[in-house]
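Structure record follows, encoded as structure tokens.
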Amino acid sequence: MRLDDRGSAVVEFVLVSVLVVTLVAAVLQLALALHIRNTLVAAASEGARMAAATNRSPGDGAAHTSRLIRATLPDTYADHVTAGFEDVGGIPTVFVEVRAQLPMLGWIGPADTLVVRGHALEESSVVGQ
């Protein structure tokens, strides 16, 4: 008795295609999340370095960080940028903090789940020593 194999290629194609499309979508989503995280980290670090320069304020660093983020990502990622002074191990530093949503499905995700900080040594305290 011989089994009929007609139509089995179509079923196999559909089953494999669903798996491959799911894996490709997951990899693309991970790449998008890493791109956003790395962009925010770089912008926060650059903003902190700019704010730490002599005759600059933390507000200047926050504004610079927002400009850098808006140049690369949608504007909503630059909505929650804060900056200030902080001692890290007794060393005066300037920090810039960015809070943004980590995308879970394309650009959509839960609010305030990704927090990145950039620190830089406050130059005015180094110059005065």
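In the structure tokens, chains take the letters A, B, ... in the order shown, each chain's residues start at 1, and ligands count up from 1 in the order shown.
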Any idea what's packed within 12 Å of Ala53 (chain A), counting only C-alpha atoms, ignoring anything in its chain fewer than 3 positions away? Could you give it as a compact mmCIF listing (two decimals) with N, CA and C atoms, in the first residue's frame?
# COMPACT_ATOMS: atom_id res chain seq x y z
N GLU A 46 27.90 61.84 25.06
CA GLU A 46 28.34 63.06 24.39
C GLU A 46 27.78 64.30 25.07
N GLY A 47 26.52 64.24 25.49
CA GLY A 47 25.92 65.36 26.21
C GLY A 47 26.60 65.61 27.55
N ALA A 48 26.96 64.55 28.25
CA ALA A 48 27.67 64.70 29.53
C ALA A 48 29.05 65.32 29.31
N ARG A 49 29.75 64.88 28.28
CA ARG A 49 31.07 65.47 28.00
C ARG A 49 30.95 66.94 27.64
N MET A 50 29.91 67.28 26.89
CA MET A 50 29.72 68.68 26.52
C MET A 50 29.37 69.52 27.74
N ARG A 56 30.04 75.50 30.95
CA ARG A 56 28.83 74.86 30.45
C ARG A 56 28.01 74.38 31.64
N SER A 57 26.71 74.27 31.43
CA SER A 57 25.83 73.80 32.50
C SER A 57 25.26 72.43 32.13
N PRO A 58 24.71 71.72 33.11
CA PRO A 58 24.06 70.45 32.78
C PRO A 58 22.91 70.62 31.79
N ASP A 60 22.89 72.59 29.26
CA ASP A 60 23.48 72.60 27.92
C ASP A 60 23.70 71.17 27.43
N GLY A 61 24.15 70.30 28.34
CA GLY A 61 24.36 68.90 27.97
C GLY A 61 23.06 68.19 27.64
N THR A 93 31.19 64.78 39.03
CA THR A 93 30.90 64.48 37.63
C THR A 93 29.61 65.17 37.21
N VAL A 94 29.41 65.22 35.93
CA VAL A 94 28.16 65.67 35.33
C VAL A 94 27.52 64.44 34.72
N ALA A 120 30.60 62.34 32.92
CA ALA A 120 31.87 62.94 32.52
C ALA A 120 32.43 63.70 33.71
N LEU A 121 33.72 63.73 33.82
CA LEU A 121 34.41 64.45 34.88
C LEU A 121 34.17 65.94 34.71
N GLU A 122 33.74 66.58 35.77
CA GLU A 122 33.46 68.02 35.72
C GLU A 122 34.77 68.78 35.60
N GLU A 123 34.96 69.45 34.47
CA GLU A 123 36.24 70.10 34.20
C GLU A 123 36.48 71.33 35.05
N SER A 124 35.43 72.04 35.45
CA SER A 124 35.64 73.24 36.26
C SER A 124 36.25 72.90 37.61
N SER A 125 35.94 71.70 38.15
CA SER A 125 36.55 71.31 39.42
C SER A 125 37.99 70.88 39.22
N VAL A 126 38.33 70.37 38.05
CA VAL A 126 39.71 69.96 37.77
C VAL A 126 40.58 71.19 37.52
N VAL A 127 40.03 72.19 36.81
CA VAL A 127 40.79 73.39 36.49
C VAL A 127 41.10 74.16 37.76
Worksheet item: Which parts of region 4-124 of chain A does DSSP call helix (DSSP H, G or I) when run on the backbone here, written out as a ChimeraX atom specification?
Response: /A:8-52,58-72,75-78,123-124
How about saving the chosen residues, C-alpha atoms kept, as an mmCIF file, in the first residue's frame?
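Output (part_39.cif):
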data_model
loop_
_atom_site.group_PDB
_atom_site.id
_atom_site.type_symbol
_atom_site.label_atom_id
_atom_site.label_comp_id
_atom_site.auth_asym_id
_atom_site.auth_seq_id
_atom_site.Cartn_x
_atom_site.Cartn_y
_atom_site.Cartn_z
ATOM 1 C CA SER A 8 2.833 17.621 1.326
ATOM 2 C CA ALA A 9 5.348 20.087 -0.174
ATOM 3 C CA VAL A 10 2.875 22.942 0.292
ATOM 4 C CA VAL A 11 2.307 22.048 3.937
ATOM 5 C CA GLU A 12 6.037 21.729 4.584
ATOM 6 C CA PHE A 13 6.675 25.081 2.881
ATOM 7 C CA VAL A 14 4.065 26.831 5.048
ATOM 8 C CA LEU A 15 5.412 25.300 8.270
ATOM 9 C CA VAL A 16 9.026 26.185 7.476
ATOM 10 C CA SER A 17 8.088 29.656 6.188
ATOM 11 C CA VAL A 18 6.302 30.546 9.432
ATOM 12 C CA LEU A 19 9.367 29.529 11.415
ATOM 13 C CA VAL A 20 11.803 31.421 9.181
ATOM 14 C CA VAL A 21 9.687 34.595 9.109
ATOM 15 C CA THR A 22 9.363 34.510 12.907
ATOM 16 C CA LEU A 23 13.124 34.149 13.344
ATOM 17 C CA VAL A 24 13.883 36.959 10.883
ATOM 18 C CA ALA A 25 11.373 39.265 12.607
ATOM 19 C CA ALA A 26 12.926 38.488 16.004
ATOM 20 C CA VAL A 27 16.423 39.270 14.733
ATOM 21 C CA LEU A 28 15.239 42.549 13.164
ATOM 22 C CA GLN A 29 13.486 43.531 16.396
ATOM 23 C CA LEU A 30 16.625 42.807 18.414
ATOM 24 C CA ALA A 31 18.697 44.857 15.973
ATOM 25 C CA LEU A 32 16.273 47.776 16.289
ATOM 26 C CA ALA A 33 16.343 47.637 20.105
ATOM 27 C CA LEU A 34 20.154 47.521 20.155
ATOM 28 C CA HIS A 35 20.375 50.407 17.691
ATOM 29 C CA ILE A 36 18.099 52.537 19.875
ATOM 30 C CA ARG A 37 19.974 51.637 23.068
ATOM 31 C CA ASN A 38 23.391 52.326 21.534
ATOM 32 C CA THR A 39 22.212 55.634 20.053
ATOM 33 C CA LEU A 40 20.840 56.776 23.420
ATOM 34 C CA VAL A 41 24.015 55.738 25.259
ATOM 35 C CA ALA A 42 26.218 57.587 22.768
ATOM 36 C CA ALA A 43 24.044 60.715 22.902
ATOM 37 C CA ALA A 44 23.966 60.722 26.725
ATOM 38 C CA SER A 45 27.739 60.301 26.910
ATOM 39 C CA GLU A 46 28.344 63.065 24.385
ATOM 40 C CA GLY A 47 25.921 65.362 26.209
ATOM 41 C CA ALA A 48 27.666 64.701 29.530
ATOM 42 C CA ARG A 49 31.069 65.466 27.995
ATOM 43 C CA MET A 50 29.720 68.677 26.519
ATOM 44 C CA ALA A 51 28.134 69.721 29.844
ATOM 45 C CA ALA A 52 31.343 68.948 31.729
ATOM 46 C CA PRO A 58 24.059 70.449 32.780
ATOM 47 C CA GLY A 59 21.168 72.036 30.884
ATOM 48 C CA ASP A 60 23.483 72.595 27.920
ATOM 49 C CA GLY A 61 24.356 68.904 27.973
ATOM 50 C CA ALA A 62 20.697 67.869 28.142
ATOM 51 C CA ALA A 63 19.829 70.136 25.212
ATOM 52 C CA HIS A 64 22.764 68.774 23.193
ATOM 53 C CA THR A 65 21.698 65.204 23.986
ATOM 54 C CA SER A 66 18.142 65.938 22.849
ATOM 55 C CA ARG A 67 19.421 67.381 19.570
ATOM 56 C CA LEU A 68 21.588 64.323 18.946
ATOM 57 C CA ILE A 69 18.715 61.936 19.648
ATOM 58 C CA ARG A 70 16.270 63.859 17.463
ATOM 59 C CA ALA A 71 18.756 63.760 14.588
ATOM 60 C CA THR A 72 18.705 59.950 14.592
ATOM 61 C CA ASP A 75 11.344 62.823 18.680
ATOM 62 C CA THR A 76 9.620 60.839 21.445
ATOM 63 C CA TYR A 77 12.964 59.309 22.433
ATOM 64 C CA ALA A 78 14.284 62.762 23.397
ATOM 65 C CA GLU A 123 36.236 70.105 34.201
ATOM 66 C CA SER A 124 35.638 73.243 36.264
#
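Here CA of Asn55 (chain A) stands at a distance of 21.6 Å from CA of Gly90 (chain A).
Every residue of region 49-111 of chain A found in strand (DSSP E or B) when DSSP is run on the backbone appears here: His80, Val81, Thr82, Ala83, Gly84, Phe85, Glu86, Asp87, Val88, Ile91, Pro92, Thr93, Val94, Phe95, Val96, Glu97, Val98, Arg99, Ala100, Leu105 and Ile108 of chain A.
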Item to complete: For region 95-106 of chain A, work out the shell of residues within 6 Å, counting only C-alpha atoms and skipping chain neighbours fewer than 2 positions away, then give it as a PyMOL selection string.
Response: chain A and resi 44+48+77+80-84+108-119
